[in-house]
$ cat my_file34.pdb   # PDB, C-alpha atoms and all ligand atoms
ATOM      1  CA  MET A  21      37.153  47.271  86.716
ATOM      2  CA  THR A  22      33.678  48.198  87.994
ATOM      3  CA  ASP A  23      30.261  46.649  87.419
ATOM      4  CA  GLU A  24      28.581  50.050  87.442
ATOM      5  CA  LEU A  25      27.003  51.297  84.257
ATOM      6  CA  GLU A  26      29.391  53.906  82.926
ATOM      7  CA  ILE A  27      27.361  56.630  81.260
ATOM      8  CA  PRO A  28      29.637  58.697  79.056
ATOM      9  CA  ALA A  29      29.942  62.218  80.491
ATOM     10  CA  GLN A  30      28.234  65.095  78.795
ATOM     11  CA  THR A  31      30.957  66.746  76.717
ATOM     12  CA  PRO A  32      30.769  69.272  73.886
ATOM     13  CA  GLU A  33      31.450  66.379  71.477
ATOM     14  CA  ASN A  34      28.640  64.071  72.634
ATOM     15  CA  ALA A  35      26.188  66.813  73.694
ATOM     16  CA  ALA A  36      24.391  66.304  70.398
ATOM     17  CA  PHE A  37      23.516  62.669  71.287
ATOM     18  CA  PRO A  38      20.346  61.958  73.167
ATOM     19  CA  LEU A  39      20.650  60.171  76.542
ATOM     20  CA  GLU A  40      19.145  56.915  75.081
ATOM     21  CA  LYS A  41      21.948  56.590  72.555
ATOM     22  CA  ARG A  42      24.577  57.112  75.204
ATOM     23  CA  LEU A  43      22.891  54.486  77.407
ATOM     24  CA  VAL A  44      22.949  51.936  74.569
ATOM     25  CA  ALA A  45      26.657  52.640  74.006
ATOM     26  CA  ALA A  46      27.399  52.182  77.713
ATOM     27  CA  GLU A  47      25.480  48.879  77.847
ATOM     28  CA  ALA A  48      27.452  47.582  74.846
ATOM     29  CA  LYS A  49      30.669  48.394  76.680
ATOM     30  CA  VAL A  50      29.498  46.479  79.760
ATOM     31  CA  ASP A  51      28.497  43.495  77.562
ATOM     32  CA  GLN A  52      31.984  43.534  76.024
ATOM     33  CA  ARG A  53      33.646  43.506  79.444
ATOM     34  CA  GLY A  54      31.315  40.737  80.606
ATOM     35  CA  SER A  55      32.227  38.490  77.682
ATOM     36  CA  ARG A  56      35.954  39.193  78.220
ATOM     37  CA  ILE A  57      35.560  38.129  81.876
ATOM     38  CA  THR A  58      33.820  34.910  80.754
ATOM     39  CA  GLU A  59      36.651  34.289  78.249
ATOM     40  CA  LEU A  60      39.296  34.805  80.959
ATOM     41  CA  ALA A  61      37.446  32.432  83.301
ATOM     42  CA  HIS A  62      37.484  29.744  80.575
ATOM     43  CA  GLU A  63      41.211  30.319  79.981
ATOM     44  CA  LEU A  64      41.837  29.938  83.700
ATOM     45  CA  VAL A  65      39.924  26.651  83.837
ATOM     46  CA  ASN A  66      41.917  25.332  80.836
ATOM     47  CA  ALA A  67      45.236  26.477  82.317
ATOM     48  CA  ARG A  68      44.394  24.721  85.615
ATOM     49  CA  ALA A  69      43.645  21.501  83.692
ATOM     50  CA  GLN A  70      46.979  21.802  81.870
ATOM     51  CA  VAL A  71      48.872  22.323  85.151
ATOM     52  CA  ARG A  72      47.162  19.222  86.619
ATOM     53  CA  ASP A  73      48.144  17.250  83.505
ATOM     54  CA  LEU A  74      51.782  18.404  83.730
ATOM     55  CA  GLN A  75      51.888  17.568  87.443
ATOM     56  CA  ARG A  76      50.634  14.064  86.636
ATOM     57  CA  GLN A  77      53.313  13.695  83.938
ATOM     58  CA  VAL A  78      56.073  14.848  86.323
ATOM     59  CA  THR A  79      54.937  12.271  88.893
ATOM     60  CA  GLN A  80      54.902   9.558  86.226
ATOM     61  CA  TYR A  81      58.386  10.497  84.936
ATOM     62  CA  ARG A  82      59.700  10.469  88.524
ATOM     63  CA  THR A  83      58.360   6.933  88.940
ATOM     64  CA  VAL A  84      60.064   5.839  85.705
ATOM     65  CA  VAL A  85      63.382   7.519  86.583
ATOM     66  CA  ASP A  86      63.336   6.036  90.117
ATOM     67  CA  ARG A  87      62.946   2.575  88.562
ATOM     68  CA  LEU A  88      65.586   3.150  85.853
ATOM     69  CA  LEU A  89      68.322   4.771  87.931
ATOM     70  CA  PRO A  90      69.357   1.738  89.990
ATOM     71  CA  LEU A  91      69.003  -0.519  86.944
ATOM     72  CA  GLY A  92      70.976   1.256  84.290
ATOM     73  CA  THR A  93      73.305   4.057  85.371
ATOM     74  CA  TRP A  94      76.877   3.810  86.489
ATOM     75  CA  LEU A  95      77.806   7.165  88.045
ATOM     76  CA  LYS A  96      77.076   7.223  91.765
ATOM     77  CA  GLU A  97      76.813  10.994  91.555
ATOM     78  CA  LEU A  98      76.232  13.167  88.527
ATOM     79  CA  PRO A  99      78.989  15.626  87.541
ATOM     80  CA  PRO A 100      78.829  19.086  89.119
ATOM     81  CA  GLU A 101      76.740  21.723  87.358
ATOM     82  CA  HIS A 102      79.731  23.574  85.800
ATOM     83  CA  LEU A 103      80.740  20.330  84.014
ATOM     84  CA  ARG A 104      77.157  19.650  82.945
ATOM     85  CA  LEU A 105      77.112  23.146  81.418
ATOM     86  CA  ASN A 106      80.079  22.170  79.206
ATOM     87  CA  VAL A 107      78.016  19.508  77.441
ATOM     88  CA  GLY A 108      74.867  21.508  76.829
ATOM     89  CA  THR A 109      72.863  24.606  77.583
ATOM     90  CA  VAL A 110      70.393  22.934  79.968
ATOM     91  CA  THR A 111      72.228  21.996  83.153
ATOM     92  CA  THR A 112      69.507  20.079  85.006
ATOM     93  CA  GLU A 113      70.230  16.558  86.244
ATOM     94  CA  SER A 114      67.132  15.305  84.421
ATOM     95  CA  ASN A 115      68.514  16.642  81.129
ATOM     96  CA  PHE A 116      71.902  14.987  81.749
ATOM     97  CA  LEU A 117      70.140  11.683  82.434
ATOM     98  CA  ALA A 118      67.647  11.946  79.574
ATOM     99  CA  GLN A 119      70.251  12.943  76.945
ATOM    100  CA  GLY A 120      72.510  10.104  78.061
ATOM    101  CA  ALA A 121      69.664   7.575  78.043
ATOM    102  CA  MET A 122      68.946   8.558  74.431
ATOM    103  CA  SER A 123      72.586   8.579  73.196
ATOM    104  CA  SER A 124      73.516   5.318  74.937
ATOM    105  CA  ALA A 125      70.441   3.606  73.461
ATOM    106  CA  ARG A 126      71.669   4.654  70.000
ATOM    107  CA  VAL A 127      75.194   3.399  70.767
ATOM    108  CA  MET A 128      73.830   0.023  71.876
ATOM    109  CA  LYS A 129      71.774  -0.159  68.685
ATOM    110  CA  GLU A 130      74.733   0.669  66.416
ATOM    111  CA  PHE A 131      77.581  -1.210  68.114
ATOM    112  CA  ASP A 132      78.237  -4.630  69.586
ATOM    113  CA  PRO A 133      80.813  -4.361  72.408
ATOM    114  CA  SER A 134      82.098  -7.837  71.594
ATOM    115  CA  ALA A 135      83.612  -6.304  68.403
ATOM    116  CA  GLY A 136      86.433  -4.688  70.435
ATOM    117  CA  PRO A 137      87.538  -1.328  71.900
ATOM    118  CA  MET A 138      85.136   1.588  71.466
ATOM    119  CA  LEU A 139      85.913   5.317  71.575
ATOM    120  CA  ASP A 140      83.471   7.984  72.766
ATOM    121  CA  TRP A 141      85.080  10.977  71.009
ATOM    122  CA  GLY A 142      84.055  14.164  72.877
ATOM    123  CA  CYS A 143      82.698  12.206  75.859
ATOM    124  CA  GLY A 144      82.352  15.332  78.058
ATOM    125  CA  SER A 145      81.543  14.442  81.653
ATOM    126  CA  GLY A 146      80.010  11.092  80.788
ATOM    127  CA  ARG A 147      76.374  11.489  79.772
ATOM    128  CA  THR A 148      76.617   8.450  77.495
ATOM    129  CA  LEU A 149      79.016   6.303  79.505
ATOM    130  CA  ASN A 150      76.736   6.710  82.530
ATOM    131  CA  TRP A 151      74.268   4.327  80.882
ATOM    132  CA  LEU A 152      76.846   2.093  79.158
ATOM    133  CA  LEU A 153      79.264   1.194  81.924
ATOM    134  CA  ALA A 154      76.630  -0.555  84.022
ATOM    135  CA  ASP A 155      76.999  -3.359  81.443
ATOM    136  CA  PRO A 156      80.274  -5.296  82.061
ATOM    137  CA  ALA A 157      80.647  -5.921  78.301
ATOM    138  CA  TRP A 158      80.746  -2.153  77.710
ATOM    139  CA  GLU A 159      82.872  -1.495  80.785
ATOM    140  CA  LYS A 160      85.537  -3.727  79.226
ATOM    141  CA  VAL A 161      85.761  -1.885  75.892
ATOM    142  CA  TYR A 162      84.880   1.740  76.679
ATOM    143  CA  HIS A 163      87.378   4.607  76.116
ATOM    144  CA  GLY A 164      86.500   8.287  76.248
ATOM    145  CA  CYS A 165      88.374  11.412  75.237
ATOM    146  CA  ASP A 166      87.641  15.118  75.303
ATOM    147  CA  VAL A 167      89.381  18.476  75.160
ATOM    148  CA  ASP A 168      87.669  19.347  78.470
ATOM    149  CA  SER A 169      90.464  18.483  80.908
ATOM    150  CA  ALA A 170      88.287  19.169  83.990
ATOM    151  CA  ALA A 171      85.663  16.681  82.762
ATOM    152  CA  ILE A 172      88.324  14.066  82.020
ATOM    153  CA  ALA A 173      89.957  14.561  85.450
ATOM    154  CA  TRP A 174      86.537  14.079  87.070
ATOM    155  CA  LEU A 175      85.916  10.861  85.086
ATOM    156  CA  LYS A 176      89.439   9.537  85.713
ATOM    157  CA  GLN A 177      89.130   9.778  89.509
ATOM    158  CA  LEU A 178      86.087   7.498  89.138
ATOM    159  CA  GLY A 179      88.206   4.972  87.253
ATOM    160  CA  VAL A 180      86.920   5.670  83.731
ATOM    161  CA  ARG A 181      89.419   5.012  80.872
ATOM    162  CA  ALA A 182      89.434   8.559  79.554
ATOM    163  CA  GLU A 183      92.070  10.821  78.003
ATOM    164  CA  VAL A 184      92.433  14.512  77.321
ATOM    165  CA  CYS A 185      92.764  15.068  73.590
ATOM    166  CA  GLY A 186      93.669  18.078  71.473
ATOM    167  CA  ASP A 187      91.489  20.488  69.587
ATOM    168  CA  GLU A 188      92.981  19.113  66.396
ATOM    169  CA  PRO A 189      94.235  15.636  65.402
ATOM    170  CA  ARG A 190      96.137  13.563  66.444
ATOM    171  CA  LEU A 191      94.270  11.496  68.997
ATOM    172  CA  PRO A 192      96.355   9.883  71.748
ATOM    173  CA  TYR A 193      95.862   6.332  70.373
ATOM    174  CA  PRO A 194      97.897   4.149  68.005
ATOM    175  CA  ASP A 195      96.746   3.215  64.485
ATOM    176  CA  ASN A 196      94.055   0.487  64.157
ATOM    177  CA  THR A 197      92.937   0.631  67.820
ATOM    178  CA  PHE A 198      89.144   0.817  67.790
ATOM    179  CA  ALA A 199      86.326  -1.341  66.472
ATOM    180  CA  GLY A 200      83.961   1.602  66.860
ATOM    181  CA  ILE A 201      83.904   5.360  67.432
ATOM    182  CA  PHE A 202      80.820   7.284  68.443
ATOM    183  CA  SER A 203      80.487  11.014  68.737
ATOM    184  CA  PHE A 204      77.406  12.965  69.772
ATOM    185  CA  SER A 205      77.274  16.730  69.080
ATOM    186  CA  VAL A 206      81.014  17.245  68.670
ATOM    187  CA  LEU A 207      81.470  17.955  64.935
ATOM    188  CA  THR A 208      78.459  20.249  65.407
ATOM    189  CA  HIS A 209      80.776  22.675  67.253
ATOM    190  CA  ILE A 210      83.968  22.329  65.177
ATOM    191  CA  PRO A 211      84.564  24.418  62.013
ATOM    192  CA  PRO A 212      83.461  22.263  59.047
ATOM    193  CA  THR A 213      86.709  23.031  57.217
ATOM    194  CA  ALA A 214      88.420  20.924  59.925
ATOM    195  CA  HIS A 215      86.018  17.950  59.566
ATOM    196  CA  ARG A 216      88.012  16.142  56.852
ATOM    197  CA  GLY A 217      91.032  16.111  59.155
ATOM    198  CA  TRP A 218      88.889  14.410  61.792
ATOM    199  CA  TYR A 219      87.491  11.802  59.372
ATOM    200  CA  GLN A 220      91.079  11.065  58.408
ATOM    201  CA  GLU A 221      91.986  10.654  62.080
ATOM    202  CA  PHE A 222      89.008   8.315  62.663
ATOM    203  CA  GLN A 223      90.251   6.282  59.714
ATOM    204  CA  ARG A 224      93.724   6.077  61.279
ATOM    205  CA  VAL A 225      92.603   4.890  64.733
ATOM    206  CA  LEU A 226      89.880   2.506  63.463
ATOM    207  CA  LYS A 227      90.664  -1.149  62.813
ATOM    208  CA  PRO A 228      89.879  -2.333  59.273
ATOM    209  CA  GLY A 229      86.092  -2.843  59.148
ATOM    210  CA  GLY A 230      85.653  -0.490  62.128
ATOM    211  CA  ARG A 231      82.709   1.917  62.179
ATOM    212  CA  VAL A 232      81.970   5.501  63.215
ATOM    213  CA  PHE A 233      78.661   6.943  64.336
ATOM    214  CA  CYS A 234      78.705  10.753  64.307
ATOM    215  CA  THR A 235      76.242  13.598  64.272
ATOM    216  CA  THR A 236      76.404  16.859  62.326
ATOM    217  CA  CYS A 237      74.180  19.902  61.926
ATOM    218  CA  GLY A 238      73.217  19.196  58.335
ATOM    219  CA  ASP A 239      70.275  18.953  55.961
ATOM    220  CA  TYR A 240      67.889  17.621  58.588
ATOM    221  CA  THR A 241      68.879  20.307  61.108
ATOM    222  CA  LEU A 242      68.367  22.939  58.410
ATOM    223  CA  GLU A 243      64.927  21.522  57.701
ATOM    224  CA  ILE A 244      63.639  21.465  61.270
ATOM    225  CA  ASP A 245      65.668  24.305  62.859
ATOM    226  CA  SER A 246      65.333  26.552  59.844
ATOM    227  CA  ALA A 247      64.463  29.801  61.657
ATOM    228  CA  ARG A 248      67.350  29.483  64.172
ATOM    229  CA  LEU A 249      69.852  29.091  61.330
ATOM    230  CA  ASP A 250      68.426  31.863  59.133
ATOM    231  CA  SER A 251      71.411  34.199  59.448
ATOM    232  CA  LEU A 252      73.808  31.410  58.326
ATOM    233  CA  LYS A 253      71.902  30.519  55.157
ATOM    234  CA  PRO A 254      73.770  32.821  52.737
ATOM    235  CA  GLN A 255      77.106  31.304  53.867
ATOM    236  CA  ILE A 256      75.657  27.774  53.614
ATOM    237  CA  ALA A 257      74.312  28.460  50.116
ATOM    238  CA  GLU A 258      77.747  29.671  49.002
ATOM    239  CA  HIS A 259      80.038  27.083  50.650
ATOM    240  CA  GLY A 260      77.860  24.183  51.854
ATOM    241  CA  TRP A 261      78.870  24.985  55.421
ATOM    242  CA  ALA A 262      78.740  27.762  58.004
ATOM    243  CA  PHE A 263      80.319  28.454  61.351
ATOM    244  CA  SER A 264      79.053  30.834  63.980
ATOM    245  CA  GLU A 265      81.034  31.608  67.120
ATOM    246  CA  THR A 266      79.089  31.643  70.379
ATOM    247  CA  GLU A 267      80.161  32.380  73.971
ATOM    248  CA  GLY A 268      80.775  29.412  76.233
ATOM    249  CA  HIS A 269      82.568  26.060  76.171
ATOM    250  CA  TYR A 270      82.280  24.742  72.581
ATOM    251  CA  LYS A 271      78.891  26.331  72.004
ATOM    252  CA  HIS A 272      79.782  27.417  68.441
ATOM    253  CA  ILE A 273      77.390  26.269  65.732
ATOM    254  CA  ALA A 274      78.905  24.381  62.795
ATOM    255  CA  VAL A 275      76.583  23.558  59.910
ATOM    256  CA  ALA A 276      77.711  21.232  57.108
ATOM    257  CA  THR A 277      75.268  20.139  54.426
ATOM    258  CA  ARG A 278      75.034  16.430  53.712
ATOM    259  CA  ALA A 279      76.806  17.026  50.378
ATOM    260  CA  TYR A 280      79.681  18.852  52.125
ATOM    261  CA  THR A 281      80.071  16.069  54.701
ATOM    262  CA  THR A 282      79.977  13.367  52.021
ATOM    263  CA  LYS A 283      82.898  15.115  50.288
ATOM    264  CA  ALA A 284      84.717  15.520  53.615
ATOM    265  CA  PHE A 285      84.919  11.750  54.248
ATOM    266  CA  GLU A 286      85.245  10.764  50.572
ATOM    267  CA  GLY A 287      88.115   8.363  49.967
ATOM    268  CA  LEU A 288      88.634   7.845  53.718
ATOM    269  CA  LEU A 289      85.477   6.154  54.992
ATOM    270  CA  GLU A 290      82.446   4.606  53.313
ATOM    271  CA  GLU A 291      78.920   5.673  54.141
ATOM    272  CA  GLU A 292      76.994   2.784  55.665
ATOM    273  CA  SER A 293      73.897   4.790  56.541
ATOM    274  CA  TYR A 294      72.577   8.324  56.765
ATOM    275  CA  GLY A 295      69.683   9.382  58.989
ATOM    276  CA  ARG A 296      68.933  11.544  61.974
ATOM    277  CA  TYR A 297      69.565  11.755  65.660
ATOM    278  CA  SER A 298      67.535  14.230  67.716
ATOM    279  CA  ASN A 299      67.643  17.457  65.644
ATOM    280  CA  MET A 300      70.881  16.470  63.871
ATOM    281  CA  ASP A 301      72.028  14.477  60.845
ATOM    282  CA  ALA A 302      73.581  11.113  61.743
ATOM    283  CA  PHE A 303      76.143   9.179  59.717
ATOM    284  CA  VAL A 304      77.419   5.649  60.151
ATOM    285  CA  LEU A 305      80.737   5.327  58.284
ATOM    286  CA  ARG A 306      82.977   2.328  57.788
ATOM    287  CA  LYS A 307      86.703   1.864  57.259
ATOM    288  CA  ARG A 308      87.426  -0.639  54.528
TER     289      ARG A 308
HETATM  290  C1  LIG B   1      77.713  19.229  73.163
HETATM  291  S1  LIG B   1      79.024  18.466  74.044
HETATM  292  C2  LIG B   1      78.617  16.760  73.820
HETATM  293  C3  LIG B   1      79.306  15.877  74.816
HETATM  294  C4  LIG B   1      78.977  14.387  74.737
HETATM  295  N1  LIG B   1      79.286  13.839  73.446
HETATM  296  C5  LIG B   1      77.546  14.152  75.105
HETATM  297  O1  LIG B   1      76.728  13.881  74.219
HETATM  298  O2  LIG B   1      77.236  14.288  76.284
HETATM  299  C6  LIG B   1      80.406  18.699  72.964
HETATM  300  C7  LIG B   1      81.665  18.103  73.541
HETATM  301  O3  LIG B   1      82.673  18.085  72.532
HETATM  302  C8  LIG B   1      83.906  18.365  73.155
HETATM  303  N2  LIG B   1      84.858  18.738  72.103
HETATM  304  C9  LIG B   1      84.868  19.838  71.348
HETATM  305  N3  LIG B   1      85.882  19.799  70.455
HETATM  306  C10 LIG B   1      86.501  18.626  70.635
HETATM  307  C11 LIG B   1      87.625  17.980  70.014
HETATM  308  N4  LIG B   1      88.300  18.553  69.020
HETATM  309  N5  LIG B   1      87.988  16.763  70.450
HETATM  310  C12 LIG B   1      87.299  16.175  71.450
HETATM  311  N6  LIG B   1      86.249  16.728  72.088
HETATM  312  C13 LIG B   1      85.855  17.940  71.688
HETATM  313  C14 LIG B   1      83.547  19.418  74.173
HETATM  314  O4  LIG B   1      84.521  19.595  75.170
HETATM  315  C15 LIG B   1      82.239  18.869  74.724
HETATM  316  O5  LIG B   1      82.458  17.991  75.793
END
$ encode --input "my_file34.pdb" --output "C-alpha cells" --more "lines below"
Ligand SMILES: C[S@@+](CC[C@H](N)C(=O)[O-])C[C@H]1O[C@@H](n2cnc3c(N)ncnc32)[C@H](O)[C@@H]1O
Amino acid sequence: MTDELEIPAQTPENAAFPLEKRLVAAEAKVDQRGSRITELAHELVNARAQVRDLQRQVTQYRTVVDRLLPLGTWLKELPPEHLRLNVGTVTTESNFLAQGAMSSARVMKEFDPSAGPMLDWGCGSGRTLNWLLADPAWEKVYHGCDVDSAAIAWLKQLGVRAEVCGDEPRLPYPDNTFAGIFSFSVLTHIPPTAHRGWYQEFQRVLKPGGRVFCTTCGDYTLEIDSARLDSLKPQIAEHGWAFSETEGHYKHIAVATRAYTTKAFEGLLEEESYGRYSNMDAFVLRKR
C-alpha cells in the first residue's frame, strides 16, 4: 500500500472526465484506505488487550492447579497421551485434570462412600478416580471397569481395583454388589438399542436401594448442541434415538431422547432425578 495520491490513468473510458473529478475520486480512495488503517490499528489494540487478559487467566489457573494438585489428586503421573485420547478428543493434561475435577465433584455430591462399594462403569484411564482416591473413604469402596484393556492394565499396575469388562453385559461382578454406579460419557457412545440391556445389568449388580448416576446425549444435548446433531435429527424424530459411527476408540455418537431413555429403564430402575451434566442429560436412578 502506498500513501501517494493515485490519480486514475487517462484511459478511453475516463477521458471524458475532467481532471478535478478524477482528483476527487482519488482522494476518496485515499480516505477509505486511511479509515481502514485506523480500524485495523484499533483491532490490533483490542487483540493485544485480549492476549494480555488470556495470559493473566493462564497464570491464575496455573496458581490454582499448583495449589490443588498436591491436595486432591491421587495419580503420581497422568496416563500417557494415547490413553488420554481414548477418553476424549482433547488430550492435554489440563483437560484430563479439569474433566476429572468436574466429574469427581459430581460423584461426591451424588454418593456417600460410607454406603458401600461403588462402580465407575467406563472408568477409562482414571480421570474421575484421580480426584476420588486421595480420600481414604473413597479408596476403600472404589471399583472401576472398562473395555479398554490397556487403560485397565495401566490402572492395575498402580494398585487400582479395576477390571476389564465386555462390550455387552454381563459385568464381572456378582448380583447385589454395589451401593452406587456412576458413568460419565459411556452410554453416549453405545447404540441406544443396547441401553436397556445395560440398565438391566445395573439393576442386577446394584444392592437393593442402590443408585446409578449416568449421562446420555439427550434432550439437553439436542437443545444446546443442535447444529452438531443436525444430520441425526430425522432418525431421532422417527425412533427417539440415533447412532453415528465415528473413527477412533468409542467416539461414536449415541443420542437417546429423554422419553426413549425413560422407556429403556422402565420396570428396572426408578428415576430419582433428571438434569444435566456438562452438555449431556444426567439421570439418577434407583433400584427398589
Ligand atoms: C468418553 S470416555 C469416558 C471415560 C470416563 N468415564 C471419564 O469420564 O473419563 C468413554 C469410555 O467408555 C468406555 N466404554 C465404552 N463402551 C463400554 C462398555 N460397554 N463398558 C465399559 N466401558 C465402555 C471407553 O473405553 C471409554 O473409556
$ axis_aligned_box --input "my_file34.pdb" --around "ligand LIG 1 (chain B)" --padding-each-side "6 Å" --output "JSON"
{"center_x": 82.5, "center_y": 16.8, "center_z": 72.7, "size_x": 23.6, "size_y": 18.0, "size_z": 19.3}
$ residues_near_ligand --input "my_file34.pdb" --ligand "ligand LIG 1 (chain B)" --cutoff "7 Å" --atoms "only C-alpha atoms and all ligand atoms" --output "PyMOL selection string"
chain A and resi 106-108+120+123+141-148+165-168+185-188+203-206+209-210+269-270
$ closest_residue --input "my_file34.pdb" --among "A:Leu152, A:Asp195, A:Val85, A:Asp250" --to "Lys129 of chain A" --atoms "only C-alpha atoms"
A:Leu152
$ atom_distance --input "my_file34.pdb" --atom1 "atom CA of His215 of chain A" --atom2 "atom CA of Glu286 of chain A"
11.5 Å
$ residues_around --input "my_file34.pdb" --residues "Gly200 of chain A" --least-positions-apart "3" --cutoff "8 Å" --atoms "only C-alpha atoms" --output "PDB file with C-alpha atoms, in the coordinates of the input"
ATOM      1  CA  PHE A 131      77.581  -1.210  68.114  1.00  0.00           C
ATOM      2  CA  GLY A 136      86.433  -4.688  70.435  1.00  0.00           C
ATOM      3  CA  PRO A 137      87.538  -1.328  71.900  1.00  0.00           C
ATOM      4  CA  MET A 138      85.136   1.588  71.466  1.00  0.00           C
ATOM      5  CA  LEU A 139      85.913   5.317  71.575  1.00  0.00           C
ATOM      6  CA  LEU A 226      89.880   2.506  63.463  1.00  0.00           C
ATOM      7  CA  GLY A 230      85.653  -0.490  62.128  1.00  0.00           C
ATOM      8  CA  ARG A 231      82.709   1.917  62.179  1.00  0.00           C
ATOM      9  CA  VAL A 232      81.970   5.501  63.215  1.00  0.00           C
ATOM     10  CA  PHE A 233      78.661   6.943  64.336  1.00  0.00           C
TER      11      PHE A 233
END
$ decode --input "my_file34.pdb" --residues "segment 65-85 of chain A" --atoms "N, CA and C atoms" --output "compact mmCIF listing (two decimals), in the first residue's frame"
# COMPACT_ATOMS: atom_id res chain seq x y z
N VAL A 65 -5.05 -3.11 18.80
CA VAL A 65 -5.01 -2.71 20.22
C VAL A 65 -5.93 -3.64 21.03
N ASN A 66 -7.15 -3.88 20.51
CA ASN A 66 -8.09 -4.76 21.22
C ASN A 66 -7.54 -6.18 21.36
N ALA A 67 -6.95 -6.68 20.24
CA ALA A 67 -6.43 -8.06 20.27
C ALA A 67 -5.31 -8.15 21.31
N ARG A 68 -4.45 -7.11 21.37
CA ARG A 68 -3.35 -7.14 22.36
C ARG A 68 -3.92 -7.19 23.77
N ALA A 69 -5.00 -6.43 24.01
CA ALA A 69 -5.62 -6.41 25.35
C ALA A 69 -6.18 -7.80 25.68
N GLN A 70 -6.78 -8.43 24.65
CA GLN A 70 -7.33 -9.78 24.88
C GLN A 70 -6.23 -10.78 25.21
N VAL A 71 -5.11 -10.69 24.47
CA VAL A 71 -3.98 -11.61 24.73
C VAL A 71 -3.48 -11.40 26.17
N ARG A 72 -3.36 -10.13 26.58
CA ARG A 72 -2.88 -9.85 27.96
C ARG A 72 -3.85 -10.47 28.97
N ASP A 73 -5.17 -10.34 28.68
CA ASP A 73 -6.17 -10.89 29.59
C ASP A 73 -6.05 -12.41 29.68
N LEU A 74 -5.88 -13.05 28.51
CA LEU A 74 -5.75 -14.52 28.50
C LEU A 74 -4.48 -14.95 29.23
N GLN A 75 -3.39 -14.19 29.03
CA GLN A 75 -2.15 -14.55 29.73
C GLN A 75 -2.34 -14.46 31.24
N ARG A 76 -3.09 -13.44 31.68
CA ARG A 76 -3.35 -13.29 33.11
C ARG A 76 -4.17 -14.49 33.62
N GLN A 77 -5.18 -14.88 32.80
CA GLN A 77 -6.01 -16.02 33.22
C GLN A 77 -5.19 -17.31 33.31
N VAL A 78 -4.30 -17.53 32.32
CA VAL A 78 -3.46 -18.74 32.35
C VAL A 78 -2.62 -18.75 33.62
N THR A 79 -2.03 -17.61 33.95
CA THR A 79 -1.21 -17.53 35.17
C THR A 79 -2.05 -17.85 36.40
N GLN A 80 -3.28 -17.30 36.43
CA GLN A 80 -4.15 -17.54 37.58
C GLN A 80 -4.53 -19.01 37.69
N TYR A 81 -4.90 -19.63 36.52
CA TYR A 81 -5.26 -21.06 36.54
C TYR A 81 -4.08 -21.91 37.00
N ARG A 82 -2.86 -21.52 36.54
CA ARG A 82 -1.67 -22.29 36.96
C ARG A 82 -1.53 -22.24 38.48
N THR A 83 -1.77 -21.07 39.05
CA THR A 83 -1.66 -20.93 40.51
C THR A 83 -2.66 -21.85 41.20
N VAL A 84 -3.91 -21.86 40.67
CA VAL A 84 -4.96 -22.69 41.27
C VAL A 84 -4.59 -24.18 41.15
N VAL A 85 -4.17 -24.59 39.93
CA VAL A 85 -3.84 -26.00 39.72
C VAL A 85 -2.66 -26.41 40.61
